[in-house]
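Since the structure comes first, as C-alpha cells, the remarks are kept for the end.
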Amino acid sequence: MTNGDVTRSPWTEWREITPARLALGRAGSGMPTDEVLKFGWAHAMARDAIHAALNVEKLDSELKAQGWTAAHIQSRARDRAIYLRRPDLGRAIAPDNIAKLRDAPFAQNSICIAIGDGLSSLAIESHAAPLLAALKKHLANELKNSPVVIATQARVALGDEIAKLLKAKLSIMLIGERPGLSSPDSLGIYVTHAPFKSRSDADRNCISNVRPEGLSYDAAAFKLAWLIRAALGRGLTGIDLKDESDLALIAANTTPALPKG
C-alpha cells in the first residue's frame with residue numbers, strides 16, 4: 001500500500017505538539033500499517049519497562065560520581081512476579097534488610113532520599129541521577145550527607161519506612177511511574193514530612209512526569225527544592241501543603257527564589 005492509499009486526518013498538525021495518538025489517518029476501514037507497528041512497539045516498550053530489572057550497579061556508579069553514598073535494599077516482594085501480584089509486599093522492607101539499613105554508615109540528616117524501581121526501572125536508570133544532579137544546584141547544603149537508598153521491587157510507601165528507620169524528618173522517594181504508551185520512562189517524586197509506615201497518599205506531595213519530553217530535570221528540581229524547604233519550614237506535606245513554586249518563579253521574574261527553611 002502506498003502513501004497515496006492512506007487518507008490523512010485534517011488534524012495532522014496537532015501531532016506536532018502532543019505525543020497523544022490522534023490524527024492517525026486511515027487505510028480503508030483500518031489504521032495505516034505504520035501506525036499499527038508504532039502502537040505495537042510502544043506496547044512492547046511499556047511491558048519491558050515494567051518487567052526489566054533495575055541495573056543497581058550502574059545507578060550506584062552514577063551516584064558515586066556525583067558524591068552520593070548509597071545503600072541497596074529490597075522490599076518483601078522477592079521477585080518481579082510477586083511484586084506485581086502483591087503491591088502490599090512492595091511497601092515493606094524485607095526483614096533481613098532492616099538491620100542492614102540501620103547499620104549503614106550514614107550520617108543523620110533531615111532529608112532521606114530513596115530511589116525505587118517502581119513500575120519502570122527504565123525511568124530510574126534514565127532520569128534519577130540527572131534529577132539529583134539538578135537538585136544539588138538548589139540544595140547543596142541541605143543535601144550534604146543525606147542518605148540515599150536504592151530499593152528494588154519498591155512501591156511509593158517504602159520510602160517512608162526507609163526514612164523512619166534512618167530517623168529523617170523528610171522522605172523523598174524517586175520512583176518509576178506506571179508506563180504509558182507514550183511514556184514508558186516517566187519518573188515520579190514523592191515528598192513526605194514526618195514519615196512512618198502507614199502514611200497515606202494524602203500525606204504526600206507528588207511531582208510527576210519527570211523526563212526530557214515532560215517536566216524537565218531543572219523544572220522538577222526547582223519544584224522539589226521548594227517543596228523540601230517549605231515542608232521542613234512548615235512541618236507538613238500532602239493536602240496541607242500547596243505547591244506554590246510557580247508563584248516564587250513569577251515573583252522573582254527570572255531569578256527563582258526558594259522559601260526560607
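The way I read the labels, and the way they are meant: chains A, B, ... in the order of the C-alpha cells, residue 1 as the first residue of every chain, and ligand 1 as the first ligand shown, with later ones counted on from there.
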Where does stretch 45-96 of chain A meet stretch 174-183 of chain A within 12 Å, residue by residue, with the nearest atom pair and distance in Å to one decimal for each, counting only C-alpha atoms, listed by chain and rising number, as a Markdown table?
| residue | atom | partner | partner_atom | distance |
| --- | --- | --- | --- | --- |
| A:Met45 | CA | A:Leu181 | CA | 7.9 |
| A:Ala46 | CA | A:Pro179 | CA | 5.3 |
| A:Arg47 | CA | A:Pro179 | CA | 7.9 |
| A:Asp48 | CA | A:Pro179 | CA | 9.5 |
| A:Ala49 | CA | A:Pro179 | CA | 7.0 |
| A:Ile50 | CA | A:Pro179 | CA | 7.2 |
| A:His51 | CA | A:Pro179 | CA | 10.9 |
| A:Ala52 | CA | A:Gly176 | CA | 11.7 |
| A:Ala53 | CA | A:Gly176 | CA | 11.9 |
| A:Leu54 | CA | A:Gly176 | CA | 10.3 |
| A:Leu84 | CA | A:Arg178 | CA | 11.6 |
Limited to C-alpha atoms, could you put the picked residues into a file as a PDB file, in the first residue's frame?
ATOM      1  CA  MET A  45       8.328  -0.764  25.436  1.00  0.00           C
ATOM      2  CA  ALA A  46       5.756  -0.344  28.222  1.00  0.00           C
ATOM      3  CA  ARG A  47       5.820  -4.072  29.029  1.00  0.00           C
ATOM      4  CA  ASP A  48       9.625  -4.150  29.038  1.00  0.00           C
ATOM      5  CA  ALA A  49       9.762  -1.132  31.353  1.00  0.00           C
ATOM      6  CA  ILE A  50       7.587  -2.960  33.890  1.00  0.00           C
ATOM      7  CA  HIS A  51       9.436  -6.288  33.798  1.00  0.00           C
ATOM      8  CA  ALA A  52      13.060  -5.201  33.304  1.00  0.00           C
ATOM      9  CA  ALA A  53      15.323  -5.405  36.356  1.00  0.00           C
ATOM     10  CA  LEU A  54      16.995  -2.234  37.613  1.00  0.00           C
ATOM     11  CA  LEU A  84       3.216  -7.242  40.515  1.00  0.00           C
TER      12      LEU A  84
END
Find the spatial neighbours of A:Thr69, counting only C-alpha atoms, within a cut-off of 9 Å - ignore same-chain residues fewer than 6 positions away - and output them as a ChimeraX atom specification. /A:60,63,106,145-149
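Within stretch 10-187 of chain A, DSSP applied to the backbone places the following residues in strand (DSSP E or B): Arg26, Ala27, Gly30, Ala70, Ala71, His72, Ile73, Gln74, Ser75, Ile93, Ile111, Cys112, Ile113, Ala114, Ile115, Gly116, Val148, Val149, Ile150, Ala151, Thr152, Leu170, Ser171, Ile172, Met173, Leu174, Ile175, Gly176 and Leu187 of chain A.
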Find the residues around A:Thr152 up to 8 Å (only C-alpha atoms counted), leave out those fewer than 6 positions away in its own chain, and share them as an NGL selection string. :A and (54 or 72-75 or 116-118)
Distance query A:Ala225 at most 7 Å, only C-alpha atoms, self and fewer than 5 positions along chain excluded, as a VMD selection string: chain A and resid 135 138 to 139
How would the residues just chosen look if you wrote them out with C-alpha atoms as an mmCIF file, in the first residue's frame?
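Output file result-v1.cif is given in full below:
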data_model
loop_
_atom_site.group_PDB
_atom_site.id
_atom_site.type_symbol
_atom_site.label_atom_id
_atom_site.label_comp_id
_atom_site.auth_asym_id
_atom_site.auth_seq_id
_atom_site.Cartn_x
_atom_site.Cartn_y
_atom_site.Cartn_z
ATOM 1 C CA LEU A 135 18.604 19.179 42.721
ATOM 2 C CA HIS A 138 19.384 24.277 44.591
ATOM 3 C CA LEU A 139 20.003 22.483 47.890
#
Per DSSP on the backbone, what are the helix (DSSP H, G or I) residues of stretch 23-258 of chain A, as a PyMOL selection string? chain A and resi 33-51+56-65+80-85+87-91+95-102+121-136+158-165+201-203+217-234+238-240+245-252
Write a file of the selected residues as a short mmCIF file (atom, residue, chain, number, x, y, z; two decimals), in the first residue's frame, keeping C-alpha atoms.
data_model
loop_
_atom_site.label_atom_id
_atom_site.label_comp_id
_atom_site.auth_asym_id
_atom_site.auth_seq_id
_atom_site.Cartn_x
_atom_site.Cartn_y
_atom_site.Cartn_z
CA THR A 33 0.27 -0.08 8.75
CA ASP A 34 2.98 2.21 10.12
CA GLU A 35 0.66 3.33 12.92
CA VAL A 36 -0.20 -0.27 13.80
CA LEU A 37 3.53 -1.07 14.01
CA LYS A 38 4.24 2.02 16.13
CA PHE A 39 1.48 1.00 18.55
CA GLY A 40 2.94 -2.50 18.86
CA TRP A 41 6.39 -1.04 19.54
CA ALA A 42 5.04 1.34 22.21
CA HIS A 43 3.16 -1.52 23.90
CA ALA A 44 6.33 -3.65 23.94
CA MET A 45 8.33 -0.76 25.44
CA ALA A 46 5.76 -0.34 28.22
CA ARG A 47 5.82 -4.07 29.03
CA ASP A 48 9.62 -4.15 29.04
CA ALA A 49 9.76 -1.13 31.35
CA ILE A 50 7.59 -2.96 33.89
CA HIS A 51 9.44 -6.29 33.80
CA VAL A 56 21.69 -1.23 40.52
CA GLU A 57 25.45 -1.31 39.89
CA LYS A 58 25.21 1.24 37.06
CA LEU A 59 23.00 3.55 39.11
CA ASP A 60 25.27 3.25 42.14
CA SER A 61 28.25 4.18 39.99
CA GLU A 62 26.47 7.26 38.63
CA LEU A 63 25.54 8.37 42.13
CA LYS A 64 29.08 7.90 43.44
CA ALA A 65 30.35 10.10 40.60
CA ARG A 80 9.03 -9.25 39.96
CA ALA A 81 6.15 -11.69 39.62
CA ILE A 82 5.32 -11.42 43.34
CA TYR A 83 5.83 -7.66 43.24
CA LEU A 84 3.22 -7.24 40.51
CA ARG A 85 0.70 -9.52 42.24
CA PRO A 87 1.60 -4.45 45.97
CA ASP A 88 1.49 -4.64 49.77
CA LEU A 89 4.80 -6.51 49.88
CA GLY A 90 6.43 -3.77 47.85
CA ARG A 91 5.57 -1.27 50.60
CA PRO A 95 13.10 -8.32 57.23
CA ASP A 96 16.75 -9.25 56.62
CA ASN A 97 17.36 -5.80 55.11
CA ILE A 98 16.19 -3.82 58.14
CA ALA A 99 19.36 -4.42 60.16
CA LYS A 100 21.44 -3.80 57.03
CA LEU A 101 19.85 -0.39 56.65
CA ARG A 102 20.21 0.51 60.33
CA SER A 121 13.20 0.63 36.01
CA LEU A 122 13.87 2.42 32.71
CA ALA A 123 12.69 5.69 34.27
CA ILE A 124 15.11 5.31 37.19
CA GLU A 125 18.07 4.33 35.03
CA SER A 126 17.41 7.25 32.67
CA HIS A 127 16.41 10.07 35.00
CA ALA A 128 17.25 9.51 38.69
CA ALA A 129 20.91 10.58 38.55
CA PRO A 130 20.33 13.64 36.31
CA LEU A 131 17.45 14.77 38.54
CA LEU A 132 19.59 14.53 41.69
CA ALA A 133 22.40 16.41 39.95
CA ALA A 134 19.95 19.21 39.14
CA LEU A 135 18.60 19.18 42.72
CA LYS A 136 22.08 19.69 44.18
CA LEU A 158 8.58 2.05 51.07
CA GLY A 159 10.33 5.41 51.16
CA ASP A 160 8.50 6.34 54.37
CA GLU A 161 9.66 3.22 56.20
CA ILE A 162 13.23 3.79 55.00
CA ALA A 163 13.24 7.40 56.19
CA LYS A 164 11.72 6.43 59.55
CA LEU A 165 14.44 3.84 60.17
CA ASP A 201 -1.15 9.40 49.68
CA ALA A 202 -2.94 12.38 51.21
CA ASP A 203 0.15 12.96 53.38
CA TYR A 217 15.11 18.00 35.27
CA ASP A 218 15.70 21.65 36.12
CA ALA A 219 11.99 22.44 36.45
CA ALA A 220 11.37 19.33 38.57
CA ALA A 221 14.42 20.08 40.74
CA PHE A 222 13.20 23.60 41.43
CA LYS A 223 9.72 22.36 42.39
CA LEU A 224 11.24 19.66 44.59
CA ALA A 225 13.63 22.10 46.28
CA TRP A 226 10.72 24.46 47.00
CA LEU A 227 8.66 21.62 48.48
CA ILE A 228 11.56 20.39 50.61
CA ARG A 229 12.22 23.77 52.17
CA ALA A 230 8.53 24.51 52.62
CA ALA A 231 7.91 21.08 54.21
CA LEU A 232 10.81 21.44 56.65
CA GLY A 233 9.93 25.04 57.45
CA ARG A 234 6.21 24.49 57.96
CA GLY A 238 0.33 16.48 51.46
CA ILE A 239 -3.03 18.19 51.15
CA ASP A 240 -1.94 20.76 53.77
CA SER A 245 6.76 27.19 43.47
CA ASP A 246 5.28 28.73 40.33
CA LEU A 247 4.42 31.86 42.32
CA ALA A 248 8.02 32.04 43.51
CA LEU A 249 9.18 31.98 39.91
CA ILE A 250 6.76 34.75 38.93
CA ALA A 251 7.69 36.91 41.92
CA ALA A 252 11.39 36.55 41.21
#
List as a list in words the protein and nucleic acid residues near stretch 188-193 of chain A, meaning an atom at most 7 Å away when only C-alpha atoms are counted, but skip any in the same chain fewer than 3 places from it. Lys169, Leu170, Ser171, Ile172, Met173, Leu174, Ile175, Gly176, Glu177, Asp203, Arg204, Asn205, Cys206, Ile207, Ser208, Asn209, Val210, Ala231, Gly235, Leu236 and Thr237 of chain A
